[in-house]
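This report refers to the structure that appears directly beneath it.
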Amino acid sequence: MNANQHESSGPSRTQQITLRGPAELADALPFMLGFHPTDSVVLVALHGEHGRFGGRVRLGIPRSPREWASTADHLAECLVEGGDRHGARPDGIVVFLCQDPEPGETGRRVMERLRPFAQRLRTACGALDIPVYEALCISDGLYFSYCCPDARCCPPDGTPLALSGTSVMAATAAYAGVRLRGSLRDMEARFKPSTKPSTTPSTTPSATSADEPQRAALDAAAAAIVPRILEDPASRGREEVREATLRTAREVLRRFANPVGGAARAQPSPGVAERDAADDALVGTEEAAALILGLQDRVTRDRAAEWMEGWEGTAALRLWRVLARRCVPPYQEHAAAPLALAGWAAWSTGDEPTARVALGLALDADPEYVFARLLHQACNEGLDPESLRSCLRSERDSRAATAQTAAPAPSRRVRTRGARPQGVRQGLAKPGRQTGGSERGTAAGVRPSGPAAGGPGSGAPRHGGQRDTRSGR
């Protein structure tokens, strides 16, 4: 994850259980986050004399030790300020450093290498008058304590983690319906191209050969679409691109809700990789390229954000995942739009861990992508997505009303009676609602849809806020 982005959450409202000792703390970490953190530093706030879990922040461990001091200060401040905003300043903090060993490296070596970082985190928290009760390093299936000097309970060579699903925390989480989504690395991989980028394609053709059809399609789509998007906002070309992108996206979205043909008969196994492969098969190479380039326009992206509930939200998350995986080199930055949409769809449908991962990757692709930054901040601060959903519904309804009043009145049969003068009956069309500070446009020929609950057959693009081209985010 980009070292400038952090993830946080407010105090936990889940069932309270008692954890005793470093072993149970280490086992509880994945359940607090919703996934197994990899290459991460996590700070968890404790409240009251019994040490109730509160907010937490997560960040990728900076590779350069020169960044450790500033990162420690930043994380401590974020956790404490977040608690202050919720009216619950932490009484203590628990620190976790999670990192897998490099080739030829042991878990203990990782612990020793990260010891200065752990110490800097402890002093950063202490500078804010908040003690660190425990600092653990988790590596290679072992945990190590930086705070406990007793080798009988915390031996220097580490202690094996509990078997998955055997702890009190695991049982409680299972009873509460909390499920883990694998490791952070696995979750991120679902949003990335399957092949690794290569700086020397000529010497490693196998690493880029699978990407070549998608790359060629993106090149062709960019040549055809980008110049039209960059035209004057009032131009017909830009509106036509928006209309075509939304129409294609709507058609593809329905495939995820109602798979047909070979995709339906194949009935892939429930494994994540198989499900993602089946989703990839539902979107053609040229379709994906046209959608990726079309979503670089802000108006198009904001209208696509209205697929956020019911079958639309579930299908949209799968579609945005597919498009993010199709952003092969050198189009990695274009993934910011589908990644941000994936984060919004996940957050709106209640999957906060996936939302944070997707939004973090969007900011990795483009740190200045404002749409992703605002969503990331709102999700991390524990805001209710319903406020944004309500705004998008209002924009959809306003656009629908504008389109309805702007449509020509149906012709009527005129009956003449004697010498009655002929005339044309005219009605006054009520203008659509204008939102302050933003210009709202309607793509020609695109009909707004009803609620998501209407089913795949009634889905249509909905409208968010008016934006400009992707260069300004």
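By convention in this document, the chains of the structure tokens carry letters A, B, ... by their order, each chain's residues are numbered from 1, and ligands are numbered from 1 in the order they are shown.
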
Residues of segment 345-418 of chain A at most 12 Å from segment 280-302 of chain A: nearest atom pair and distance in Å, only C-alpha atoms, as a tab-separated table:
```
residue	atom	partner	partner_atom	distance
A:Tyr369	CA	A:Gln296	CA	11.0
A:Val370	CA	A:Arg298	CA	10.9
A:Phe371	CA	A:Asp302	CA	9.3
A:Ala372	CA	A:Arg301	CA	11.8
A:Leu388	CA	A:Asp302	CA	11.7
A:Arg389	CA	A:Asp302	CA	11.8
A:Cys391	CA	A:Asp302	CA	11.5
A:Leu392	CA	A:Asp302	CA	8.7
A:Arg393	CA	A:Asp302	CA	11.8
A:Glu395	CA	A:Asp302	CA	10.3
A:Arg396	CA	A:Asp302	CA	10.7
```

Residues as selected, N, CA and C atoms, written as a compact mmCIF listing (two decimals), in the first residue's frame, can you do that?
```txt
# COMPACT_ATOMS: atom_id res chain seq x y z
N TYR A 369 -5.88 11.20 -6.88
CA TYR A 369 -7.24 10.91 -7.35
C TYR A 369 -8.22 11.29 -6.24
N VAL A 370 -8.86 12.44 -6.38
CA VAL A 370 -9.66 13.02 -5.30
C VAL A 370 -10.84 12.13 -4.93
N PHE A 371 -11.50 11.54 -5.92
CA PHE A 371 -12.65 10.68 -5.64
C PHE A 371 -12.27 9.57 -4.67
N ALA A 372 -11.12 8.93 -4.90
CA ALA A 372 -10.67 7.85 -4.02
C ALA A 372 -10.25 8.40 -2.66
N LEU A 388 -24.06 9.35 1.31
CA LEU A 388 -23.66 9.46 -0.08
C LEU A 388 -24.65 8.76 -1.00
N ARG A 389 -25.16 7.61 -0.57
CA ARG A 389 -26.17 6.93 -1.37
C ARG A 389 -27.39 7.83 -1.56
N CYS A 391 -27.47 11.06 -1.60
CA CYS A 391 -27.11 12.12 -2.54
C CYS A 391 -27.18 11.60 -3.97
N LEU A 392 -26.66 10.40 -4.20
CA LEU A 392 -26.69 9.84 -5.55
C LEU A 392 -28.11 9.55 -6.01
N ARG A 393 -28.96 9.09 -5.09
CA ARG A 393 -30.36 8.87 -5.45
C ARG A 393 -31.04 10.18 -5.85
N GLU A 395 -29.62 12.84 -7.10
CA GLU A 395 -29.13 13.25 -8.40
C GLU A 395 -29.79 12.42 -9.50
N ARG A 396 -29.98 11.14 -9.27
CA ARG A 396 -30.64 10.28 -10.24
C ARG A 396 -32.07 10.74 -10.47
```

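Shell of Val322 of chain A at 10 Å, with only C-alpha atoms counted and residues fewer than 5 places along the chain excluded, is Arg190, Phe191, Lys192, Pro193, Asp276, Ala277, Asp279, Asp280, Ala281, Leu282, Val283, Ala288, Ala316, Leu317, Cys327, Pro338, Leu339 and Ala342 of chain A.
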
Take the residues from that selection and put them in a file with all heavy atoms, as a short mmCIF file (atom, residue, chain, number, x, y, z; two decimals), in the first residue's frame.
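Produced file result.cif, reproduced below:
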```
data_model
loop_
_atom_site.label_atom_id
_atom_site.label_comp_id
_atom_site.auth_asym_id
_atom_site.auth_seq_id
_atom_site.Cartn_x
_atom_site.Cartn_y
_atom_site.Cartn_z
N ARG A 190 -6.49 -9.65 -6.34
CA ARG A 190 -7.75 -9.73 -7.08
C ARG A 190 -8.03 -8.46 -7.89
O ARG A 190 -8.91 -8.46 -8.76
CB ARG A 190 -8.92 -9.99 -6.13
CG ARG A 190 -8.82 -11.28 -5.35
CD ARG A 190 -10.10 -11.58 -4.61
NE ARG A 190 -11.18 -11.91 -5.54
CZ ARG A 190 -12.45 -12.06 -5.17
NH1 ARG A 190 -12.80 -11.89 -3.89
NH2 ARG A 190 -13.38 -12.35 -6.05
N PHE A 191 -7.31 -7.39 -7.61
CA PHE A 191 -7.50 -6.13 -8.32
C PHE A 191 -6.36 -5.81 -9.27
O PHE A 191 -6.33 -4.73 -9.86
CB PHE A 191 -7.64 -4.97 -7.32
CG PHE A 191 -8.88 -5.03 -6.48
CD1 PHE A 191 -8.84 -5.52 -5.19
CD2 PHE A 191 -10.10 -4.59 -6.98
CE1 PHE A 191 -9.98 -5.56 -4.40
CE2 PHE A 191 -11.25 -4.64 -6.21
CZ PHE A 191 -11.19 -5.12 -4.91
N LYS A 192 -5.41 -6.72 -9.42
CA LYS A 192 -4.23 -6.44 -10.23
C LYS A 192 -4.15 -7.38 -11.42
O LYS A 192 -4.67 -8.49 -11.38
CB LYS A 192 -2.97 -6.59 -9.38
CG LYS A 192 -2.87 -5.59 -8.23
CD LYS A 192 -1.59 -5.81 -7.43
CE LYS A 192 -1.45 -4.80 -6.30
NZ LYS A 192 -0.21 -5.01 -5.52
N PRO A 193 -3.51 -6.94 -12.52
CA PRO A 193 -3.29 -7.84 -13.65
C PRO A 193 -2.55 -9.10 -13.20
O PRO A 193 -1.72 -9.06 -12.29
CB PRO A 193 -2.44 -7.01 -14.62
CG PRO A 193 -2.75 -5.59 -14.26
CD PRO A 193 -2.98 -5.59 -12.77
N ASP A 276 -13.03 -15.41 -10.23
CA ASP A 276 -12.49 -14.26 -10.94
C ASP A 276 -12.26 -14.59 -12.42
O ASP A 276 -12.50 -13.74 -13.29
CB ASP A 276 -11.20 -13.79 -10.29
CG ASP A 276 -11.43 -13.09 -8.96
OD1 ASP A 276 -12.60 -12.73 -8.68
OD2 ASP A 276 -10.46 -12.90 -8.21
N ALA A 277 -11.79 -15.79 -12.69
CA ALA A 277 -11.58 -16.18 -14.09
C ALA A 277 -12.91 -16.23 -14.84
O ALA A 277 -12.99 -15.83 -16.02
CB ALA A 277 -10.89 -17.54 -14.15
N ASP A 279 -15.51 -14.40 -14.15
CA ASP A 279 -15.89 -13.00 -14.38
C ASP A 279 -15.12 -12.40 -15.55
O ASP A 279 -15.67 -11.66 -16.36
CB ASP A 279 -15.64 -12.17 -13.12
CG ASP A 279 -16.66 -12.46 -12.02
OD1 ASP A 279 -17.68 -13.12 -12.31
OD2 ASP A 279 -16.43 -12.02 -10.88
N ASP A 280 -13.82 -12.70 -15.62
CA ASP A 280 -13.02 -12.20 -16.73
C ASP A 280 -13.58 -12.65 -18.07
O ASP A 280 -13.54 -11.91 -19.06
CB ASP A 280 -11.56 -12.67 -16.59
CG ASP A 280 -10.82 -11.95 -15.47
OD1 ASP A 280 -11.18 -10.79 -15.19
OD2 ASP A 280 -9.90 -12.54 -14.89
N ALA A 281 -14.11 -13.87 -18.12
CA ALA A 281 -14.63 -14.40 -19.37
C ALA A 281 -15.90 -13.69 -19.83
O ALA A 281 -16.28 -13.81 -21.00
CB ALA A 281 -14.90 -15.90 -19.22
N LEU A 282 -16.55 -12.95 -18.93
CA LEU A 282 -17.78 -12.26 -19.29
C LEU A 282 -17.54 -10.92 -19.96
O LEU A 282 -18.49 -10.29 -20.46
CB LEU A 282 -18.64 -12.04 -18.03
CG LEU A 282 -19.17 -13.29 -17.34
CD1 LEU A 282 -19.89 -12.92 -16.06
CD2 LEU A 282 -20.11 -14.06 -18.26
N VAL A 283 -16.30 -10.44 -19.98
CA VAL A 283 -16.00 -9.12 -20.53
C VAL A 283 -14.97 -9.28 -21.64
O VAL A 283 -13.86 -9.78 -21.40
CB VAL A 283 -15.46 -8.16 -19.45
CG1 VAL A 283 -15.29 -6.76 -20.02
CG2 VAL A 283 -16.40 -8.13 -18.25
N ALA A 288 -13.65 -4.15 -22.46
CA ALA A 288 -12.92 -3.69 -21.27
C ALA A 288 -12.14 -2.42 -21.58
O ALA A 288 -12.13 -1.47 -20.78
CB ALA A 288 -11.99 -4.78 -20.77
N ALA A 316 -21.68 -4.76 -9.82
CA ALA A 316 -20.74 -3.69 -10.13
C ALA A 316 -19.36 -3.96 -9.52
O ALA A 316 -18.33 -3.72 -10.16
CB ALA A 316 -21.28 -2.35 -9.64
N LEU A 317 -19.32 -4.44 -8.28
CA LEU A 317 -18.03 -4.75 -7.65
C LEU A 317 -17.27 -5.76 -8.49
O LEU A 317 -16.05 -5.62 -8.68
CB LEU A 317 -18.25 -5.27 -6.23
CG LEU A 317 -16.99 -5.74 -5.48
CD1 LEU A 317 -15.96 -4.63 -5.41
CD2 LEU A 317 -17.36 -6.24 -4.09
N CYS A 327 -6.13 -3.32 -16.51
CA CYS A 327 -5.26 -2.14 -16.65
C CYS A 327 -3.81 -2.57 -16.66
O CYS A 327 -3.06 -2.38 -15.68
CB CYS A 327 -5.54 -1.12 -15.54
SG CYS A 327 -7.18 -0.35 -15.65
N PRO A 338 -11.68 2.48 -11.95
CA PRO A 338 -12.41 1.26 -11.53
C PRO A 338 -12.09 0.83 -10.12
O PRO A 338 -12.97 0.28 -9.43
CB PRO A 338 -11.95 0.21 -12.55
CG PRO A 338 -10.70 0.73 -13.16
CD PRO A 338 -10.83 2.22 -13.13
N LEU A 339 -10.89 1.08 -9.62
CA LEU A 339 -10.57 0.73 -8.24
C LEU A 339 -11.38 1.57 -7.26
O LEU A 339 -11.88 1.07 -6.25
CB LEU A 339 -9.08 0.91 -7.99
CG LEU A 339 -8.15 -0.17 -8.56
CD1 LEU A 339 -6.71 0.28 -8.48
CD2 LEU A 339 -8.33 -1.49 -7.82
N ALA A 342 -14.83 0.31 -7.30
CA ALA A 342 -14.90 -0.95 -6.56
C ALA A 342 -14.92 -0.69 -5.06
O ALA A 342 -15.67 -1.33 -4.31
CB ALA A 342 -13.71 -1.85 -6.92
#
```

Query raised in the report: Hey, what does DSSP flag as strand (DSSP E) within segment 9-192 of chain A? Can you give it to me as a PyMOL selection string?
Result: chain A and resi 9+40-47+52-60+92-98+132-139+142-145+159-160

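Note that the spacing between atom CA of Gly271 of chain A and atom CA of Pro213 of chain A amounts to 26.1 Å.
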
Requested in this report: Could you find all residues in segment 57-248 of chain A that DSSP calls alpha helix (DSSP H) from the backbone, and write them as a VMD selection string?
Outcome: chain A and resid 68 to 85 107 to 127 168 to 176 184 to 189 205 to 208 212 to 229 236 to 248

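Atom CA of Arg120 of chain A sits 9.3 Å away from atom CA of Ser70 of chain A.
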
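Nearest-residue note for Glu251 of chain A: choosing from A:Asp186, A:Asp366, A:Glu67, A:Glu312, the minimum distance belongs to A:Glu312, counting only C-alpha atoms.
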